[in-house]
Amino acid sequence: MTIGQVAELWRYPVKSLGGARIEQADVSARGVLGDRLWAVRDVQKDVTASARQLPVLLTATASYPGAVPPDAGPGNVPEVEITFPDGTVLSSSDDAVHAKLSELAGRELRLTALPPAEDTSLHKLTREERSETMSGSWLRSAFGMSADEKLPDLSMVRLTDMVNFTRYSTPPGMFVDLAPVHVLTKTSLATIGAEVGSDLDVRRFRPNMLLALDSPEDGLPESHWTGAQLVLGDIVLNVAMPTIRCVMPSRAQPGLEVDRRITKAVATRAQRCLGVYCWIDSGGRVRVGDDVGLRPVSAGRKVLTNAARRTKRFTFGLFNEAMDRLSR
């Protein structure tokens, strides 16, 4: 069933830095070719940095000076260029890039390439970071929540991913937060824009693929796609879960000011979720303008998924209550 077209494609060479629009994307099990092959290391904390904690990272943008080779990936990372807010452009091959990133953030940072998949050294959390990540106060800060708000429903997250959150800053072999591909519709973007009272730039939500739907079923159409498959060009994506939103969309970027209304609008209108995370069923090439097809989830699978979520919701409810008590 054709439901629309691919409106935009995006690639983010460096985690938490601005990215660039592309006209076509080659997609494999690790996501869009060239996406997040670099990250910024917080030297003091010995952890991969995120714009959740260092929002100034979003004011710099990254791009590749040439074509990304088809074999690019863990342990085989091409040169990248970073454009800083003052207009300075530095290459990953220039040692000055580390000092410039440190100057930008006001703390020591280093640009790091994605290591071979078997090397988890850049993914592992320190003991202190693991403790902090599991605290209710950290989660509230990340999601922009007040002390009296309930923590978000995490029952949609796979148990394997929840275990990874307690050990790694990003999944081994990737610098993404959770899943290799993030999809958003123009319909949902417009819905949150209407809540805020102004048009929202898609860069705030950092999707890999922005879709234009022909006849959306409601204002948040992709929120109904969990368990379904999306067909875009040559690729097939398994829709894993809605994207739980932290405070990053409210942060400043080049040409965009801080707007905390966005965090509140996503929380009240979309239960803190906007867009969907996807895993790759079959890879290939997708281009801007390609048709988008949707293969709905079967009724039987939906029943099993809902039952599993009810069980996890109960478990996570107890876990969240415990974290709330410990963080007060």
# chains A, B, ... in the order shown; residues from 1 in each chain; ligands from 1
$ residues_around --residues "Met209 of chain A" --least-positions-apart "5" --cutoff "12 Å" --atoms "only C-alpha atoms" --output "PyMOL selection string"
chain A and resi 5-12+20-25+27+31-32+180-186+202-203+230+232-233+237+275-278+286-290+292
$ residues_around --residues "Arg295 of chain A" --least-positions-apart "2" --cutoff "8 Å" --atoms "only C-alpha atoms" --output "list of chain:residue names"
A:Met1, A:Ala228, A:Gln229, A:Leu230, A:Val231, A:Gly293, A:Val297
$ write_last_selection --atoms "N, CA and C atoms" --output "PDB file, in the first residue's frame"
ATOM      1  N   MET A   1       0.852  -1.197   0.000  1.00  0.00           N
ATOM      2  CA  MET A   1       0.000   0.000   0.000  1.00  0.00           C
ATOM      3  C   MET A   1       0.882   1.239   0.000  1.00  0.00           C
ATOM      4  N   ALA A 228       5.034  -2.660  12.028  1.00  0.00           N
ATOM      5  CA  ALA A 228       4.795  -2.697  10.589  1.00  0.00           C
ATOM      6  C   ALA A 228       6.119  -2.581   9.831  1.00  0.00           C
ATOM      7  N   GLN A 229       6.058  -2.661   8.512  1.00  0.00           N
ATOM      8  CA  GLN A 229       7.224  -2.482   7.660  1.00  0.00           C
ATOM      9  C   GLN A 229       7.008  -1.307   6.715  1.00  0.00           C
ATOM     10  N   LEU A 230       8.067  -0.539   6.506  1.00  0.00           N
ATOM     11  CA  LEU A 230       8.070   0.541   5.527  1.00  0.00           C
ATOM     12  C   LEU A 230       8.932   0.128   4.347  1.00  0.00           C
ATOM     13  N   VAL A 231       8.427   0.361   3.149  1.00  0.00           N
ATOM     14  CA  VAL A 231       9.174   0.072   1.926  1.00  0.00           C
ATOM     15  C   VAL A 231       9.480   1.405   1.251  1.00  0.00           C
ATOM     16  N   GLY A 293       5.834   2.684   0.852  1.00  0.00           N
ATOM     17  CA  GLY A 293       4.789   1.707   1.073  1.00  0.00           C
ATOM     18  C   GLY A 293       4.745   1.288   2.526  1.00  0.00           C
ATOM     19  N   VAL A 297       1.139  -4.271  10.469  1.00  0.00           N
ATOM     20  CA  VAL A 297       1.396  -5.411  11.349  1.00  0.00           C
ATOM     21  C   VAL A 297       0.148  -6.287  11.387  1.00  0.00           C
TER      22      VAL A 297
END
$ residues_around --residues "Leu90 of chain A" --least-positions-apart "5" --cutoff "12 Å" --atoms "only C-alpha atoms" --output "PyMOL selection string"
chain A and resi 60-65+79-85+95-101+111
$ write_last_selection --atoms "C-alpha atoms" --output "PDB file, in the first residue's frame"
ATOM      1  CA  ALA A  60      28.612  22.966  14.608  1.00  0.00           C
ATOM      2  CA  THR A  61      27.866  20.965  11.453  1.00  0.00           C
ATOM      3  CA  ALA A  62      29.650  18.081   9.766  1.00  0.00           C
ATOM      4  CA  SER A  63      29.936  16.926   6.171  1.00  0.00           C
ATOM      5  CA  TYR A  64      32.109  14.710   4.017  1.00  0.00           C
ATOM      6  CA  PRO A  65      34.414  16.513   1.566  1.00  0.00           C
ATOM      7  CA  GLU A  79      37.673  12.024   6.482  1.00  0.00           C
ATOM      8  CA  VAL A  80      35.048  14.483   7.714  1.00  0.00           C
ATOM      9  CA  GLU A  81      34.960  18.286   7.869  1.00  0.00           C
ATOM     10  CA  ILE A  82      33.436  20.319  10.705  1.00  0.00           C
ATOM     11  CA  THR A  83      32.121  23.842  10.239  1.00  0.00           C
ATOM     12  CA  PHE A  84      32.175  25.825  13.496  1.00  0.00           C
ATOM     13  CA  PRO A  85      29.839  28.711  14.437  1.00  0.00           C
ATOM     14  CA  ASP A  95      44.870  17.875  14.967  1.00  0.00           C
ATOM     15  CA  ALA A  96      43.607  21.434  15.558  1.00  0.00           C
ATOM     16  CA  VAL A  97      40.037  20.105  15.361  1.00  0.00           C
ATOM     17  CA  HIS A  98      40.286  18.735  18.919  1.00  0.00           C
ATOM     18  CA  ALA A  99      41.304  22.088  20.393  1.00  0.00           C
ATOM     19  CA  LYS A 100      38.564  23.855  18.422  1.00  0.00           C
ATOM     20  CA  LEU A 101      35.901  21.455  19.722  1.00  0.00           C
ATOM     21  CA  LEU A 111      36.922  13.849  17.724  1.00  0.00           C
TER      22      LEU A 111
END
$ atom_distance --atom1 "atom CA of Ser198 of chain A" --atom2 "atom CA of Leu178 of chain A"
29.3 Å
$ residues_around --residues "Tyr168 of chain A" --least-positions-apart "3" --cutoff "12 Å" --atoms "only C-alpha atoms" --output "PyMOL selection string"
chain A and resi 47-48+120-127+129-131+133-134+160-165+171-178
